[in-house]
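**Student:** Mind looking over this structure? Questions follow.
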Amino acid sequence: MSVHDLMKEYIETGRIKIDKSKHPELTTYHDPCNYARKSEKTFGHGYYEEPRWITQQCVDNYVEMHPNRGNNYCCGGGGGAWAMPYSEERIYYGRVKAKQIKDTGAELLIAPCHNCRDQIMKSLRQEYDMMNVEVKYLWELVADSLVIEGVDDKEE
Amino acid sequence: MHGDTIVLDKREKRRLAGEYPDLCLTCGTCAGGCPVTGVDGLDMRKAVRMALLGLDQELVDSRFPWICTICGRCEAACPMNIDLMKMMRSARALRDRDKVPGVMHKGVEMCLKTGNNMGIPKEDYLFLLEDLGVELAEELPGFEVPVDKKGTRIMLTINSKEPFNEPEDMFFWWKIFYAAEESWTVTSENWEGVNWGLFTGDDDAMKEIVRRIVENYKELECEYLLLPE
């Protein structure tokens, strides 16, 4: 089962409750090659819409980067590049992604892939002067948006 | 594919050309849309020409197949639908294993030996899960990490960088499961969700790592397998 299908199911069926007010900032979404383009090629279904839907259940203020979905640019950390010694080339690769993100004006970027998240959060933000952009996994966004009965209502 | 050329002897030996590069129109769409075109004087269009000409070893020895992230943007745009990702991964596979750049092949060997890429010992890993479970239970009453629990709906793999470097990042999924009152488990062995054999072109290792995960999944009789990578 895909992480996207599972999170979507939880939200759709009301098994988890989300509070949108926890993420008021302008938010954009990065399509990882593997969940998107390569999943479409390999399995006949690219996860383009599900993660966008999940993201927009957690935030109201949403913007797309361009190009997106099947034409999205790789972050530069994929295919093992994050674990390879060619960091200069990896950072050079990421300049296109960095510009895409900056052009949206978003302050929160959602990436549902470990490689993409690490490349953007730990490298591209520093290299391309965009430390103001927070980076979260999609499941981190969902976890941080949760309203848990018997826990959150006690605190209030 | 008609007529002979000066490199015919090489073309007969070619291993990288895959199924369709013969069809390449040399339009350069692949290279035009790629952020690393020009690095080391190479690009995807040139790589296809090299494969077609039988210059396999030159491509295998170059850094290009490793600087390419195999993101597939070129292949999605190719008007002749040439299997470019397969070609690049095959070039990686043809490298001697001791010449795979960086830590990835070591990670593959470590995973085959210990069940995770970082070589985290089982007792340390189990102690960490228990310890983190206690920490999270302070926020979420009654929470604990289920290990090797049979018959759950979901079996979850873990990216070893999390227990190794960023253990609290495991809380995200744990919190979601708690909120959803999900029936889930992790496993005590072969829990690694990262498969570097995919990236190094090592099919045998990749299959073995997948086989072990499936074995856990069958033994525990779980309904779904979840790999958050």
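In the structure tokens, chains take letters A, B, ... by order of appearance, with residues numbered from 1 within each chain and ligands from 1 in the order shown.
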Would you list the contacts of stretch 211-220 of chain B as a PyMOL selection string, taking every protein, DNA or RNA residue within 9 Å and counting only C-alpha atoms, but skipping same-chain residues closer than 6 positions in sequence?

**Tutor:** chain B and resi 115+148-152+155+157+187+189-193

**Student:** Just the selected residues (C-alpha atoms), exported as a CSV table (one decimal), in the first residue's frame, please.

**Tutor:**
```csv
chain,number,residue,atom,x,y,z
B,115,GLY,CA,19.8,-6.4,7.8
B,148,ASP,CA,7.1,-8.5,15.3
B,149,LYS,CA,3.4,-8.4,16.1
B,150,LYS,CA,1.5,-11.0,14.2
B,151,GLY,CA,-1.6,-10.4,12.1
B,152,THR,CA,-1.5,-6.6,12.1
B,155,MET,CA,3.9,-3.8,8.5
B,157,THR,CA,9.8,-0.7,7.2
B,187,THR,CA,10.1,-6.0,12.6
B,189,GLU,CA,15.2,-8.0,11.8
B,190,ASN,CA,15.6,-7.0,8.1
B,191,TRP,CA,13.6,-3.8,8.8
B,192,GLU,CA,15.6,-1.6,6.3
B,193,GLY,CA,13.3,0.2,3.9
```

**Student:** Write out as a tab-separated table the residues of chain A that have any atom within 7 Å of an atom of chain B, one row each with the nearest atom pair and its distance in Å to one decimal, counting only C-alpha atoms, sorted by chain and then rising number.

**Tutor:**
```
residue	atom	partner	partner_atom	distance
A:Met1	CA	B:Leu226	CA	5.9
A:Ser2	CA	B:Leu226	CA	6.6
A:Val3	CA	B:Pro228	CA	6.2
A:Tyr10	CA	B:Ala180	CA	6.8
A:Arg15	CA	B:Ala180	CA	5.0
A:Ile16	CA	B:Ala180	CA	5.3
A:Cys33	CA	B:Cys71	CA	5.4
A:Lys38	CA	B:Gly72	CA	6.8
A:Asn71	CA	B:Arg73	CA	6.5
A:Cys74	CA	B:Cys71	CA	6.1
A:Gly76	CA	B:Thr69	CA	6.6
A:Gly78	CA	B:Thr69	CA	5.0
A:Gly79	CA	B:Thr69	CA	4.4
A:Gly80	CA	B:Phe199	CA	5.7
A:Ala81	CA	B:Thr69	CA	6.3
A:Ala83	CA	B:Val103	CA	6.5
A:Met84	CA	B:Gly102	CA	4.8
A:Pro85	CA	B:Gly102	CA	5.4
A:Glu89	CA	B:Ile67	CA	6.8
A:Tyr93	CA	B:Pro35	CA	5.4
A:Val96	CA	B:Pro35	CA	6.8
A:Cys113	CA	B:Glu229	CA	5.4
A:His114	CA	B:Glu229	CA	5.9
A:Trp139	CA	B:Phe172	CA	6.2
A:Glu140	CA	B:Phe172	CA	5.3
A:Ala143	CA	B:Phe172	CA	5.2
A:Ile148	CA	B:Ala179	CA	5.7
A:Val151	CA	B:Leu140	CA	6.8
```

**Student:** Looking at only C-alpha atoms, which of A:Arg69, A:Glu107, A:Val133, A:Gly77 is the one that sits closest to A:Glu40?

**Tutor:**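 Nearest to A:Glu40: A:Arg69.
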
**Student:** For A:Lys8, which residue out of A:Glu64, A:Glu50, A:Asp118, A:Asp129 is the nearest one, using only C-alpha atoms?

**Tutor:**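 Using only C-alpha atoms, the shortest distance to A:Lys8 belongs to A:Glu50.
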
**Student:** So how many Å separate atom CA of A:Gly105 and atom CA of A:Gln57, to one decimal?

**Tutor:**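 Separating atom CA of A:Gly105 from atom CA of A:Gln57 is a distance of 20.2 Å.
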
**Student:** List the spatial neighbours of A:Gln126 as a PyMOL selection string - criterion: any atom at most 12 Å away, only C-alpha atoms, same-chain residues fewer than 5 positions off excluded.

**Tutor:** chain A and resi 91+94-95+98+118-121+131-134

**Student:** Would you list, as a ChimeraX atom specification, the residues of stretch 107-178 of chain B that end up in alpha helix (DSSP H) under DSSP run on this structure's backbone?

**Tutor:** /B:107-114,122-137,161-164,171-178

**Student:** Write out the residues from the selection above, keeping N, CA and C atoms, as a compact mmCIF listing (two decimals), in the first residue's frame.

**Tutor:**
```
# COMPACT_ATOMS: atom_id res chain seq x y z
N GLY B 107 27.00 -0.03 1.78
CA GLY B 107 25.68 -0.11 2.41
C GLY B 107 24.94 -1.37 2.00
N VAL B 108 25.04 -1.71 0.71
CA VAL B 108 24.39 -2.92 0.22
C VAL B 108 24.97 -4.15 0.92
N GLU B 109 26.31 -4.19 1.01
CA GLU B 109 26.95 -5.34 1.67
C GLU B 109 26.57 -5.40 3.16
N MET B 110 26.53 -4.22 3.76
CA MET B 110 26.16 -4.16 5.18
C MET B 110 24.72 -4.64 5.39
N CYS B 111 23.86 -4.26 4.46
CA CYS B 111 22.45 -4.65 4.57
C CYS B 111 22.31 -6.16 4.44
N LEU B 112 23.05 -6.72 3.48
CA LEU B 112 22.97 -8.18 3.31
C LEU B 112 23.50 -8.90 4.54
N LYS B 113 24.51 -8.30 5.19
CA LYS B 113 25.15 -8.94 6.35
C LYS B 113 24.33 -8.74 7.64
N THR B 114 23.83 -7.52 7.83
CA THR B 114 23.23 -7.21 9.14
C THR B 114 21.73 -6.92 9.08
N LYS B 122 21.03 -5.38 16.44
CA LYS B 122 19.64 -5.62 16.82
C LYS B 122 19.31 -5.11 18.23
N GLU B 123 20.21 -5.38 19.18
CA GLU B 123 19.87 -4.99 20.56
C GLU B 123 19.82 -3.47 20.72
N ASP B 124 20.71 -2.76 20.02
CA ASP B 124 20.69 -1.28 20.09
C ASP B 124 19.40 -0.74 19.49
N TYR B 125 19.03 -1.35 18.35
CA TYR B 125 17.82 -0.92 17.64
C TYR B 125 16.57 -1.15 18.50
N LEU B 126 16.48 -2.33 19.11
CA LEU B 126 15.31 -2.63 19.94
C LEU B 126 15.25 -1.74 21.18
N PHE B 127 16.44 -1.48 21.74
CA PHE B 127 16.50 -0.59 22.91
C PHE B 127 16.02 0.81 22.54
N LEU B 128 16.47 1.27 21.35
CA LEU B 128 16.09 2.61 20.88
C LEU B 128 14.58 2.72 20.69
N LEU B 129 13.99 1.69 20.06
CA LEU B 129 12.54 1.72 19.82
C LEU B 129 11.78 1.79 21.13
N GLU B 130 12.25 1.01 22.10
CA GLU B 130 11.56 0.98 23.39
C GLU B 130 11.68 2.34 24.09
N ASP B 131 12.89 2.86 24.05
CA ASP B 131 13.19 4.14 24.69
C ASP B 131 12.37 5.28 24.07
N LEU B 132 12.34 5.31 22.74
CA LEU B 132 11.58 6.34 22.05
C LEU B 132 10.09 6.18 22.31
N GLY B 133 9.65 4.92 22.39
CA GLY B 133 8.25 4.65 22.68
C GLY B 133 7.84 5.23 24.03
N VAL B 134 8.71 5.06 25.02
CA VAL B 134 8.45 5.61 26.36
C VAL B 134 8.38 7.14 26.30
N GLU B 135 9.30 7.72 25.50
CA GLU B 135 9.32 9.18 25.36
C GLU B 135 8.01 9.69 24.73
N LEU B 136 7.57 9.01 23.69
CA LEU B 136 6.36 9.47 23.00
C LEU B 136 5.11 9.23 23.86
N ALA B 137 5.18 8.21 24.71
CA ALA B 137 4.02 7.91 25.56
C ALA B 137 3.74 9.03 26.55
N LYS B 161 18.60 5.60 8.27
CA LYS B 161 19.18 6.90 8.67
C LYS B 161 18.41 7.48 9.86
N GLU B 162 17.15 7.05 10.03
CA GLU B 162 16.37 7.60 11.14
C GLU B 162 16.85 7.08 12.50
N PRO B 163 16.85 5.76 12.73
CA PRO B 163 17.42 5.32 14.01
C PRO B 163 18.88 5.75 14.18
N PHE B 164 19.61 5.87 13.08
CA PHE B 164 21.03 6.21 13.16
C PHE B 164 21.26 7.69 13.48
N PHE B 171 8.79 9.52 14.87
CA PHE B 171 7.55 9.87 15.56
C PHE B 171 6.43 10.22 14.61
N PHE B 172 6.75 10.77 13.43
CA PHE B 172 5.67 11.26 12.55
C PHE B 172 4.68 10.14 12.22
N TRP B 173 5.21 9.02 11.71
CA TRP B 173 4.31 7.90 11.38
C TRP B 173 3.67 7.32 12.64
N TRP B 174 4.46 7.24 13.71
CA TRP B 174 3.93 6.65 14.95
C TRP B 174 2.74 7.46 15.47
N LYS B 175 2.87 8.78 15.37
CA LYS B 175 1.76 9.64 15.81
C LYS B 175 0.52 9.45 14.95
N ILE B 176 0.74 9.35 13.64
CA ILE B 176 -0.40 9.15 12.73
C ILE B 176 -1.09 7.83 13.06
N PHE B 177 -0.30 6.78 13.26
CA PHE B 177 -0.89 5.47 13.60
C PHE B 177 -1.66 5.53 14.92
N TYR B 178 -1.09 6.24 15.88
CA TYR B 178 -1.76 6.38 17.18
C TYR B 178 -3.11 7.08 17.01
```
